[in-house]
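Scroll down for the structure; my scribbles are underneath it.
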Amino acid sequence: MIAKMAGAKPKVAVIGAGPGGIAMGIQLAAGGYDFTIFDRNDGFGGTWRNNTYPGAACDVPSHFYSYSFALNPRWSKTFANQPEILAYLERVASDHQLRDHLVSRARVTTLRWSDIDRNWTLETSDGAAHQFDAIVTAVGMLDVPNIPDIPGAERFRGRQFHSSRWDHTKSTAGERVASIGTGASAIQYVPEIARDAAHLTVFQRTPIWVSPRYDEPFTPEQQELFERDPEEALKVRDAAFQAYEAANFGVDSEMTKGLTDMAHEYLTRKVADPALRAKLTPSYPVGCKRPLQSRAWFPTFALSNVRLETSPIVEFTERGLRTADGTEHEVDTVIYGTGFHAADYLGSLDVYGMGGRRLRDDWRDGPEAYLGTVVPGYPNLFTLYGPNTNGVTSIIYIIEAQAEFVRRTLDDMVRYGLQAIDIKREIHDAYNEEIQRAMQGTVWLANCNNYYRHPNGKIVTQFPYSGTKFVAMLAEVGLAIFDRMEATACQESTTRR
Ligand code: NAP
């Protein structure tokens with residue numbers, strides 16, 4: 001065993017340079033830690049670097065979808081578009097001098113804990129291996145695209161790509177396009193590409209509830225005011241925050257019923273054709289799937305070059321897609337707006353913990369963590385935006401609290417001379433039982449197909465309480481809930497790698 005001198009600061013790897021990795025890097029830099037951020041892409045931004053599809057924008061108001069320590073008085077409108085969000089994230093990373101810590105184009109494949117050395121070995125796809133004392137995963141929840149296994153995909157002679165890997169080498173203008181899926185991504189790019197595609201067929205498996213989006217530009221006068229007086233910007237942020245905190249996604253809550261009625265009324269008002277309206281009408285309450293807002297979605301289906309197809313896709317042909325009714329839809333391009341393997345947390349990593357246990361095996365019945373952040377049997381491993389941290393708030397708010405928690409815990413480990421900590425299993429298990437109990441009666445368990453569920457039906461992505469409660473619970477966590485392994489109090493400081 002390599003002795004670690006008590007009081008030495010852990011060397012930390014952060015996986016992912018998106019909003020989580022940036023928040024974590026800022027905390028680690030402020031704490032004087034030796035740390036490296038690995039990302040398979042060529043810069044900061046994460047999901048906002050990957051998702052460059054036409055119309056990509058945040059559906060949480062930007063004044064709230066931003067760090068509390070880096071408010072942006074210059075947001076151009078309520079829901080900023082992807083280029084503006086990416087520029088913001090890059091600016092925050094740059095302002096905090098994170099660039100020197102970033103190893104880009106490095107795809108982390110494997111993490112292995114050593115019970116002997118009490119550290120992690122991190123392997124990248126180029127075969128390199130690096131040792132770290134602690135690991136923070138910040139890979140997001142929407143990391144691995146879901147590409148449905150449609151028979152015959154290899155024989156299709158046109159192009160095909162996923163919404164998060166948009167092919168910008170050639171425009172869809174003037175093309176015959178098929179778009180599969182009607183989720184949060186499709187609702188944003190479908191109206192955009194419908195403008196100039198020769199023909200667009202939208203393949204819908206399940207209709208979605210859509211409410212109008214209130215997206216207003218901020219005037220130069222407002223932006224100047226926010227810059228001059230941050231309290232004014234905080235008022236805008238706080239209004240969004242309070243609206244989210246007031247949400248109650250009980251399946252029978254007044255809010256769920258009210259939102260469903262309003263969405264139904266909006267659909268009725270916007271879609272005059274009864275047959276089309278019937279196809280677009282969901283059979284589940286608002287909230288069972290992620291609530292969506294758009295003013296452009298329903299009008300798109302009134303365009304002469306757009307068709308809504310509800311017959312299921314059965315196969316690819318050389319020239320397009322065939323549906324169950326026997327129709328061959330000839331197209332030049334197929335776009336998968338089919339979402340991500342959201343419930344398969346850390347699906348892109350192979351993680352081995354104490355005694356060689358494998359996270360994929362431990363999470364066979366669904367991923368679990370204590371407050372979405374620490375997992376028993378995987379010491380010194382922290383997961384930002386981990387299991388059951390998604391919900392009705394800005395994820396930046398949650399991530400920021402998690403990054404603060406990780407920094408505080410590392411500081412405590414140094415202070416108390418600990419080499420490793422491992423969340424006590426009974427505390428982890430009791431927490432997860434409690435949140436699964438709280439999940440009963442939520443709209444997420446209503447009768448719809450959503451990405452919040454593990455194949456066994458358990459909700460693994462959502463936090464069943466408010467964002468404030470999550471942050472308050474995390475703030476109370478101290479070292480007492482961990483099994484602790486002390487650092488060796490020896491003089492051999494040079495033995496540390
Ligand atoms: P999604 O919401 O999971 O939607 C995927 C769509 O693909 C659904 O309509 C689904 O149909 C369909 N689909 C999946 N597999 C299919 C198959 N084999 N055959 C036919 N259809 C299939 O994915 P997403 O639109 O990419 O959004 C994912 C998440 O990304 C969002 O919920 C949100 O959290 C995030 N996002 C956020 C923003 C933002 O503004 N912040 C923007 C975009 C995305 P079913 O409904 O029948 O399953």
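So you can find residues: chains in the structure tokens are A, B, ... in the order shown, residues in each start at 1, and ligands are numbered from 1 in order.
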Which residues are near ligand 1 in this structure, taking near to mean any atom at most 6 Å from a ligand atom and counting only C-alpha atoms and all ligand atoms? Format them as a PDB file with all heavy atoms, in the first residue's frame.
```pdb
ATOM      1  N   ALA A  57     -32.498  25.570 -27.693  1.00  0.00           N
ATOM      2  CA  ALA A  57     -32.615  26.619 -26.679  1.00  0.00           C
ATOM      3  C   ALA A  57     -32.918  25.957 -25.353  1.00  0.00           C
ATOM      4  O   ALA A  57     -33.308  24.785 -25.315  1.00  0.00           O
ATOM      5  CB  ALA A  57     -33.748  27.584 -27.044  1.00  0.00           C
ATOM      6  N   CYS A  58     -32.743  26.709 -24.290  1.00  0.00           N
ATOM      7  CA  CYS A  58     -33.081  26.145 -22.986  1.00  0.00           C
ATOM      8  C   CYS A  58     -34.564  26.358 -22.718  1.00  0.00           C
ATOM      9  O   CYS A  58     -35.121  27.382 -23.097  1.00  0.00           O
ATOM     10  CB  CYS A  58     -32.259  26.815 -21.897  1.00  0.00           C
ATOM     11  SG  CYS A  58     -32.474  25.964 -20.341  1.00  0.00           S
ATOM     12  N   ASP A  59     -35.195  25.392 -22.073  1.00  0.00           N
ATOM     13  CA  ASP A  59     -36.602  25.601 -21.731  1.00  0.00           C
ATOM     14  C   ASP A  59     -36.783  25.969 -20.262  1.00  0.00           C
ATOM     15  O   ASP A  59     -37.895  25.956 -19.750  1.00  0.00           O
ATOM     16  CB  ASP A  59     -37.478  24.416 -22.170  1.00  0.00           C
ATOM     17  CG  ASP A  59     -37.017  23.090 -21.607  1.00  0.00           C
ATOM     18  OD1 ASP A  59     -36.171  23.099 -20.693  1.00  0.00           O
ATOM     19  OD2 ASP A  59     -37.514  22.047 -22.080  1.00  0.00           O
ATOM     20  N   PRO A 148     -32.856   4.129 -31.984  1.00  0.00           N
ATOM     21  CA  PRO A 148     -33.641   2.894 -32.042  1.00  0.00           C
ATOM     22  C   PRO A 148     -33.087   1.922 -33.075  1.00  0.00           C
ATOM     23  O   PRO A 148     -32.541   2.344 -34.089  1.00  0.00           O
ATOM     24  CB  PRO A 148     -35.043   3.359 -32.417  1.00  0.00           C
ATOM     25  CG  PRO A 148     -34.959   4.790 -32.765  1.00  0.00           C
ATOM     26  CD  PRO A 148     -33.631   5.318 -32.337  1.00  0.00           C
ATOM     27  N   ILE A 180     -37.878  11.400 -36.442  1.00  0.00           N
ATOM     28  CA  ILE A 180     -38.515  10.405 -35.557  1.00  0.00           C
ATOM     29  C   ILE A 180     -38.516  10.932 -34.133  1.00  0.00           C
ATOM     30  O   ILE A 180     -37.462  11.294 -33.595  1.00  0.00           O
ATOM     31  CB  ILE A 180     -37.756   9.055 -35.612  1.00  0.00           C
ATOM     32  CG1 ILE A 180     -37.563   8.607 -37.065  1.00  0.00           C
ATOM     33  CG2 ILE A 180     -38.482   7.999 -34.792  1.00  0.00           C
ATOM     34  CD1 ILE A 180     -36.692   7.354 -37.217  1.00  0.00           C
ATOM     35  N   GLY A 181     -39.694  10.962 -33.507  1.00  0.00           N
ATOM     36  CA  GLY A 181     -39.772  11.378 -32.111  1.00  0.00           C
ATOM     37  C   GLY A 181     -40.413  12.745 -31.966  1.00  0.00           C
ATOM     38  O   GLY A 181     -40.312  13.603 -32.848  1.00  0.00           O
ATOM     39  N   THR A 182     -41.077  12.926 -30.831  1.00  0.00           N
ATOM     40  CA  THR A 182     -41.758  14.193 -30.559  1.00  0.00           C
ATOM     41  C   THR A 182     -41.469  14.634 -29.116  1.00  0.00           C
ATOM     42  O   THR A 182     -42.394  14.889 -28.341  1.00  0.00           O
ATOM     43  CB  THR A 182     -43.280  14.057 -30.782  1.00  0.00           C
ATOM     44  OG1 THR A 182     -43.748  12.928 -30.033  1.00  0.00           O
ATOM     45  CG2 THR A 182     -43.634  13.862 -32.240  1.00  0.00           C
ATOM     46  N   GLY A 183     -40.184  14.709 -28.761  1.00  0.00           N
ATOM     47  CA  GLY A 183     -39.809  15.136 -27.406  1.00  0.00           C
ATOM     48  C   GLY A 183     -39.315  16.573 -27.398  1.00  0.00           C
ATOM     49  O   GLY A 183     -39.562  17.357 -28.332  1.00  0.00           O
ATOM     50  N   ALA A 184     -38.578  16.912 -26.327  1.00  0.00           N
ATOM     51  CA  ALA A 184     -38.130  18.293 -26.098  1.00  0.00           C
ATOM     52  C   ALA A 184     -37.197  18.793 -27.201  1.00  0.00           C
ATOM     53  O   ALA A 184     -37.170  19.985 -27.492  1.00  0.00           O
ATOM     54  CB  ALA A 184     -37.417  18.377 -24.750  1.00  0.00           C
ATOM     55  N   SER A 185     -36.434  17.879 -27.814  1.00  0.00           N
ATOM     56  CA  SER A 185     -35.520  18.312 -28.885  1.00  0.00           C
ATOM     57  C   SER A 185     -36.303  18.522 -30.184  1.00  0.00           C
ATOM     58  O   SER A 185     -36.184  19.573 -30.827  1.00  0.00           O
ATOM     59  CB  SER A 185     -34.422  17.255 -29.106  1.00  0.00           C
ATOM     60  OG  SER A 185     -33.697  17.055 -27.916  1.00  0.00           O
ATOM     61  N   ALA A 186     -37.123  17.514 -30.568  1.00  0.00           N
ATOM     62  CA  ALA A 186     -37.874  17.608 -31.824  1.00  0.00           C
ATOM     63  C   ALA A 186     -38.772  18.839 -31.846  1.00  0.00           C
ATOM     64  O   ALA A 186     -38.902  19.516 -32.878  1.00  0.00           O
ATOM     65  CB  ALA A 186     -38.697  16.340 -32.036  1.00  0.00           C
ATOM     66  N   ARG A 205     -44.708   8.585 -32.064  1.00  0.00           N
ATOM     67  CA  ARG A 205     -45.173   7.363 -31.400  1.00  0.00           C
ATOM     68  C   ARG A 205     -46.207   7.720 -30.336  1.00  0.00           C
ATOM     69  O   ARG A 205     -47.222   7.056 -30.182  1.00  0.00           O
ATOM     70  CB  ARG A 205     -43.974   6.636 -30.761  1.00  0.00           C
ATOM     71  CG  ARG A 205     -44.303   5.261 -30.265  1.00  0.00           C
ATOM     72  CD  ARG A 205     -43.069   4.445 -29.983  1.00  0.00           C
ATOM     73  NE  ARG A 205     -42.284   4.969 -28.861  1.00  0.00           N
ATOM     74  CZ  ARG A 205     -41.178   4.393 -28.416  1.00  0.00           C
ATOM     75  NH1 ARG A 205     -40.717   3.299 -28.987  1.00  0.00           N
ATOM     76  NH2 ARG A 205     -40.526   4.918 -27.404  1.00  0.00           N
ATOM     77  N   THR A 206     -45.928   8.817 -29.596  1.00  0.00           N
ATOM     78  CA  THR A 206     -46.834   9.248 -28.532  1.00  0.00           C
ATOM     79  C   THR A 206     -47.018  10.755 -28.638  1.00  0.00           C
ATOM     80  O   THR A 206     -46.031  11.487 -28.717  1.00  0.00           O
ATOM     81  CB  THR A 206     -46.223   8.937 -27.149  1.00  0.00           C
ATOM     82  OG1 THR A 206     -45.742   7.600 -27.137  1.00  0.00           O
ATOM     83  CG2 THR A 206     -47.231   9.129 -26.028  1.00  0.00           C
ATOM     84  N   ARG A 290     -41.900  15.216 -19.705  1.00  0.00           N
ATOM     85  CA  ARG A 290     -41.417  16.568 -19.423  1.00  0.00           C
ATOM     86  C   ARG A 290     -42.350  17.609 -20.064  1.00  0.00           C
ATOM     87  O   ARG A 290     -42.613  17.539 -21.265  1.00  0.00           O
ATOM     88  CB  ARG A 290     -40.010  16.718 -19.981  1.00  0.00           C
ATOM     89  CG  ARG A 290     -39.353  18.039 -19.670  1.00  0.00           C
ATOM     90  CD  ARG A 290     -38.000  18.087 -20.362  1.00  0.00           C
ATOM     91  NE  ARG A 290     -37.453  19.417 -20.345  1.00  0.00           N
ATOM     92  CZ  ARG A 290     -36.646  19.892 -19.395  1.00  0.00           C
ATOM     93  NH1 ARG A 290     -36.296  19.120 -18.389  1.00  0.00           N
ATOM     94  NH2 ARG A 290     -36.181  21.110 -19.449  1.00  0.00           N
ATOM     95  N   GLY A 337     -34.868  12.119 -33.362  1.00  0.00           N
ATOM     96  CA  GLY A 337     -35.148  12.981 -32.203  1.00  0.00           C
ATOM     97  C   GLY A 337     -35.628  12.079 -31.082  1.00  0.00           C
ATOM     98  O   GLY A 337     -36.641  12.353 -30.442  1.00  0.00           O
ATOM     99  N   THR A 338     -34.896  10.990 -30.900  1.00  0.00           N
ATOM    100  CA  THR A 338     -35.377   9.878 -30.069  1.00  0.00           C
ATOM    101  C   THR A 338     -34.795   9.863 -28.656  1.00  0.00           C
ATOM    102  O   THR A 338     -34.892   8.861 -27.956  1.00  0.00           O
ATOM    103  CB  THR A 338     -35.080   8.547 -30.784  1.00  0.00           C
ATOM    104  OG1 THR A 338     -33.745   8.596 -31.336  1.00  0.00           O
ATOM    105  CG2 THR A 338     -36.050   8.306 -31.928  1.00  0.00           C
ATOM    106  N   GLY A 339     -34.165  10.974 -28.267  1.00  0.00           N
ATOM    107  CA  GLY A 339     -33.776  11.103 -26.871  1.00  0.00           C
ATOM    108  C   GLY A 339     -32.502  10.359 -26.500  1.00  0.00           C
ATOM    109  O   GLY A 339     -31.673  10.034 -27.346  1.00  0.00           O
ATOM    110  N   ASN A 449     -45.225   6.767 -21.296  1.00  0.00           N
ATOM    111  CA  ASN A 449     -43.877   6.253 -21.503  1.00  0.00           C
ATOM    112  C   ASN A 449     -42.928   7.441 -21.307  1.00  0.00           C
ATOM    113  O   ASN A 449     -42.965   8.371 -22.085  1.00  0.00           O
ATOM    114  CB  ASN A 449     -43.841   5.737 -22.954  1.00  0.00           C
ATOM    115  CG  ASN A 449     -42.541   5.107 -23.308  1.00  0.00           C
ATOM    116  OD1 ASN A 449     -41.773   4.743 -22.427  1.00  0.00           O
ATOM    117  ND2 ASN A 449     -42.289   4.985 -24.596  1.00  0.00           N
ATOM    118  N   TYR A 451     -38.799   8.881 -19.912  1.00  0.00           N
ATOM    119  CA  TYR A 451     -37.417   8.409 -19.740  1.00  0.00           C
ATOM    120  C   TYR A 451     -36.983   8.448 -18.275  1.00  0.00           C
ATOM    121  O   TYR A 451     -35.819   8.234 -17.971  1.00  0.00           O
ATOM    122  CB  TYR A 451     -36.447   9.203 -20.622  1.00  0.00           C
ATOM    123  CG  TYR A 451     -36.334  10.676 -20.287  1.00  0.00           C
ATOM    124  CD1 TYR A 451     -35.541  11.105 -19.222  1.00  0.00           C
ATOM    125  CD2 TYR A 451     -36.995  11.638 -21.028  1.00  0.00           C
ATOM    126  CE1 TYR A 451     -35.421  12.445 -18.908  1.00  0.00           C
ATOM    127  CE2 TYR A 451     -36.888  12.985 -20.718  1.00  0.00           C
ATOM    128  CZ  TYR A 451     -36.101  13.376 -19.663  1.00  0.00           C
ATOM    129  OH  TYR A 451     -35.999  14.704 -19.350  1.00  0.00           O
TER     130      TYR A 451
END
```
Inset, instruction - Using only C-alpha atoms, determine which residues lie at most 12 Å from Arg157 in chain A, disregarding the query and same-chain residues fewer than 4 positions distant; provide the list as a PyMOL selection string. - result: chain A and resi 152-153+316-321+330-334
Sorted by chain and rising residue number, which residues of range 281-356 of chain A lie within 9 Å of range 373-381 of chain A, and what are their closest atom pairs and distances in Å to one decimal, counting only C-alpha atoms, as a tab-separated table?
```
residue	atom	partner	partner_atom	distance
A:Val351	CA	A:Tyr378	CA	8.7
A:Tyr352	CA	A:Tyr378	CA	7.7
A:Gly353	CA	A:Tyr378	CA	4.7
A:Met354	CA	A:Gly377	CA	5.4
A:Gly355	CA	A:Gly377	CA	8.3
```
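Proximity to Leu225 in chain A was assessed for A:Pro73, A:Thr300, A:Lys170, A:Asp252 counting only C-alpha atoms; the smallest distance is recorded for A:Pro73.
Distance annotation: of A:Ile399, A:Ala430, A:Asn50, A:Trp363, the residue with the minimal separation from Ile22 in chain A is A:Ile399; atom set is only C-alpha atoms.
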Legend entry - Those of range 156-396 of chain A in DSSP alpha helix (DSSP H), formatted as a count of residues only: 68
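Taking CA of Pro191 in chain A and CA of Cys448 in chain A as endpoints, the distance between them is 24.5 Å.
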Legend entry - Of the listed residues A:Val108, A:Ala8, A:Val60, A:Leu346, that which approaches Thr488 in chain A most closely, counting only C-alpha atoms: A:Ala8
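Candidate residues A:Tyr244, A:Trp113, A:Phe156, A:Tyr214 were compared for distance to Tyr65 in chain A, and the nearest is A:Tyr244, using only C-alpha atoms.
Using only C-alpha atoms, the protein and nucleic acid residues lying no more than 10 Å from Gly43 in chain A, apart from those fewer than 3 places from it along its own chain, are A:Gly16, A:Ala17, A:Gly18, A:Phe38, A:Asp39, A:Arg40, A:Gly46, A:Arg49, A:Glu90, A:Ala93, A:Arg99, A:Leu102, A:Val103, A:Ser104, A:Arg105.
CA of Ala240 in chain A is found 13.0 Å from CA of Asp215 in chain A.
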Legend entry - Residues of range 93-287 of chain A in strand (DSSP E or B), written as a VMD selection string: chain A and resid 102 to 103 108 to 114 119 to 124 129 to 132 134 to 137 145 159 to 162 176 to 180 199 to 203 210 to 211 217 250
Would you kindly return, as a CSV table (one decimal) with N, CA and C atoms, in the first residue's frame, each protein, DNA or RNA residue with an atom no farther than 7 Å from any atom of range 273-285 of chain A, considering only C-alpha atoms and excluding same-chain residues fewer than 3 positions away?
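Heads up, here's the output in out20.csv:
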```csv
chain,number,residue,atom,x,y,z
A,207,PRO,N,-48.3,11.2,-28.6
A,207,PRO,CA,-48.5,12.7,-28.7
A,207,PRO,C,-48.0,13.4,-27.4
A,208,ILE,N,-47.7,14.7,-27.4
A,208,ILE,CA,-47.2,15.4,-26.3
A,208,ILE,C,-48.1,16.6,-26.0
A,209,TRP,N,-48.1,16.9,-24.7
A,209,TRP,CA,-48.8,18.1,-24.3
A,209,TRP,C,-47.9,19.3,-24.5
A,256,THR,N,-51.6,19.8,-11.6
A,256,THR,CA,-51.6,18.8,-12.7
A,256,THR,C,-52.9,18.9,-13.5
A,260,THR,N,-53.2,20.4,-17.3
A,260,THR,CA,-53.7,19.5,-18.4
A,260,THR,C,-54.9,20.2,-19.1
A,288,CYS,N,-46.4,13.9,-16.9
A,288,CYS,CA,-46.0,12.5,-16.9
A,288,CYS,C,-44.7,12.4,-17.8
A,446,ALA,N,-47.8,8.0,-13.7
A,446,ALA,CA,-49.0,7.9,-14.5
A,446,ALA,C,-48.8,7.1,-15.8
A,447,ASN,N,-49.9,6.9,-16.5
A,447,ASN,CA,-49.8,6.0,-17.6
A,447,ASN,C,-49.2,6.6,-18.9
A,448,CYS,N,-47.9,6.8,-18.9
A,448,CYS,CA,-47.2,7.3,-20.1
A,448,CYS,C,-45.8,6.7,-20.1
```
Inset, instruction - Find the spatial neighbours of Glu400 in chain A, counting only C-alpha atoms, within a cut-off of 8 Å - ignore same-chain residues fewer than 6 positions away - and output them as a ChimeraX atom specification. - result: /A:20,23-24,67
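The space separating CA of Ser394 in chain A from CA of Leu28 in chain A comes to 22.3 Å.
Distance annotation: of A:Ile398, A:Ala80, A:Leu359, A:Ala343, the residue with the minimal separation from Arg453 in chain A is A:Ala343; atom set is only C-alpha atoms.
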Neighbours of Gln223 in chain A within 12 Å (only C-alpha atoms; same-chain residues fewer than 3 positions away dropped), as a compact mmCIF listing (two decimals) with N, CA, C and O atoms, in the first residue's frame?
```txt
# COMPACT_ATOMS: atom_id res chain seq x y z
N HIS A 63 -32.14 33.42 -16.72
CA HIS A 63 -31.68 34.06 -15.48
C HIS A 63 -31.65 33.05 -14.33
O HIS A 63 -30.98 33.28 -13.33
N LEU A 71 -23.99 35.56 -12.47
CA LEU A 71 -25.22 36.03 -13.13
C LEU A 71 -24.85 36.74 -14.42
O LEU A 71 -23.79 37.36 -14.51
N ASN A 72 -25.73 36.61 -15.40
CA ASN A 72 -25.45 37.24 -16.69
C ASN A 72 -26.52 38.30 -16.97
O ASN A 72 -27.65 37.96 -17.30
N PRO A 73 -26.18 39.57 -16.79
CA PRO A 73 -27.19 40.62 -17.01
C PRO A 73 -27.58 40.76 -18.47
O PRO A 73 -28.57 41.40 -18.78
N ARG A 74 -26.81 40.14 -19.36
CA ARG A 74 -26.99 40.39 -20.80
C ARG A 74 -27.73 39.27 -21.53
O ARG A 74 -27.63 39.18 -22.76
N TRP A 75 -28.42 38.39 -20.81
CA TRP A 75 -29.23 37.39 -21.53
C TRP A 75 -30.12 38.12 -22.52
O TRP A 75 -30.75 39.13 -22.17
N SER A 76 -30.18 37.64 -23.75
CA SER A 76 -30.90 38.38 -24.79
C SER A 76 -32.41 38.21 -24.68
O SER A 76 -33.17 39.06 -25.11
N LYS A 77 -32.85 37.06 -24.12
CA LYS A 77 -34.30 36.82 -24.04
C LYS A 77 -34.57 35.83 -22.92
O LYS A 77 -33.65 35.30 -22.30
N THR A 78 -35.85 35.56 -22.68
CA THR A 78 -36.23 34.71 -21.54
C THR A 78 -35.55 33.36 -21.61
O THR A 78 -34.97 32.90 -20.62
N PRO A 217 -37.78 39.08 -25.66
CA PRO A 217 -36.43 39.65 -25.60
C PRO A 217 -36.29 40.63 -24.44
O PRO A 217 -37.27 41.29 -24.06
N PHE A 218 -35.09 40.71 -23.84
CA PHE A 218 -34.82 41.77 -22.87
C PHE A 218 -34.33 42.98 -23.66
O PHE A 218 -33.49 42.84 -24.55
N THR A 219 -34.87 44.13 -23.35
CA THR A 219 -34.46 45.35 -24.07
C THR A 219 -33.07 45.77 -23.60
O THR A 219 -32.64 45.39 -22.49
N PRO A 220 -32.36 46.58 -24.41
CA PRO A 220 -31.05 47.09 -23.96
C PRO A 220 -31.17 47.82 -22.63
O PRO A 220 -30.28 47.73 -21.78
N PHE A 226 -29.93 45.49 -15.35
CA PHE A 226 -29.45 44.26 -14.68
C PHE A 226 -27.94 44.36 -14.41
O PHE A 226 -27.44 43.86 -13.41
N GLU A 227 -27.24 45.02 -15.32
CA GLU A 227 -25.79 45.16 -15.17
C GLU A 227 -25.46 46.13 -14.04
O GLU A 227 -24.59 45.87 -13.21
N ARG A 228 -26.20 47.22 -14.02
CA ARG A 228 -25.95 48.28 -13.03
C ARG A 228 -26.37 47.83 -11.64
O ARG A 228 -25.71 48.10 -10.66
N ASP A 229 -27.50 47.12 -11.62
CA ASP A 229 -28.08 46.77 -10.32
C ASP A 229 -28.41 45.26 -10.30
O ASP A 229 -29.51 44.85 -10.67
N PRO A 230 -27.46 44.44 -9.87
CA PRO A 230 -27.68 42.98 -9.88
C PRO A 230 -28.94 42.55 -9.13
O PRO A 230 -29.51 41.50 -9.41
N GLU A 232 -31.79 43.74 -9.47
CA GLU A 232 -32.87 43.70 -10.45
C GLU A 232 -32.84 42.37 -11.22
O GLU A 232 -33.87 41.77 -11.49
N ALA A 233 -31.62 41.93 -11.56
CA ALA A 233 -31.48 40.62 -12.24
C ALA A 233 -31.91 39.50 -11.30
O ALA A 233 -32.56 38.53 -11.71
N VAL A 236 -35.60 38.82 -11.33
CA VAL A 236 -36.05 37.99 -12.45
C VAL A 236 -35.73 36.51 -12.15
O VAL A 236 -36.55 35.62 -12.35
```
Inset, instruction - Find the residue from A:Arg425, A:Pro367, A:Leu234, A:Pro299 that sits nearest to Asp483 in chain A; use only C-alpha atoms when measuring. - result: A:Arg425
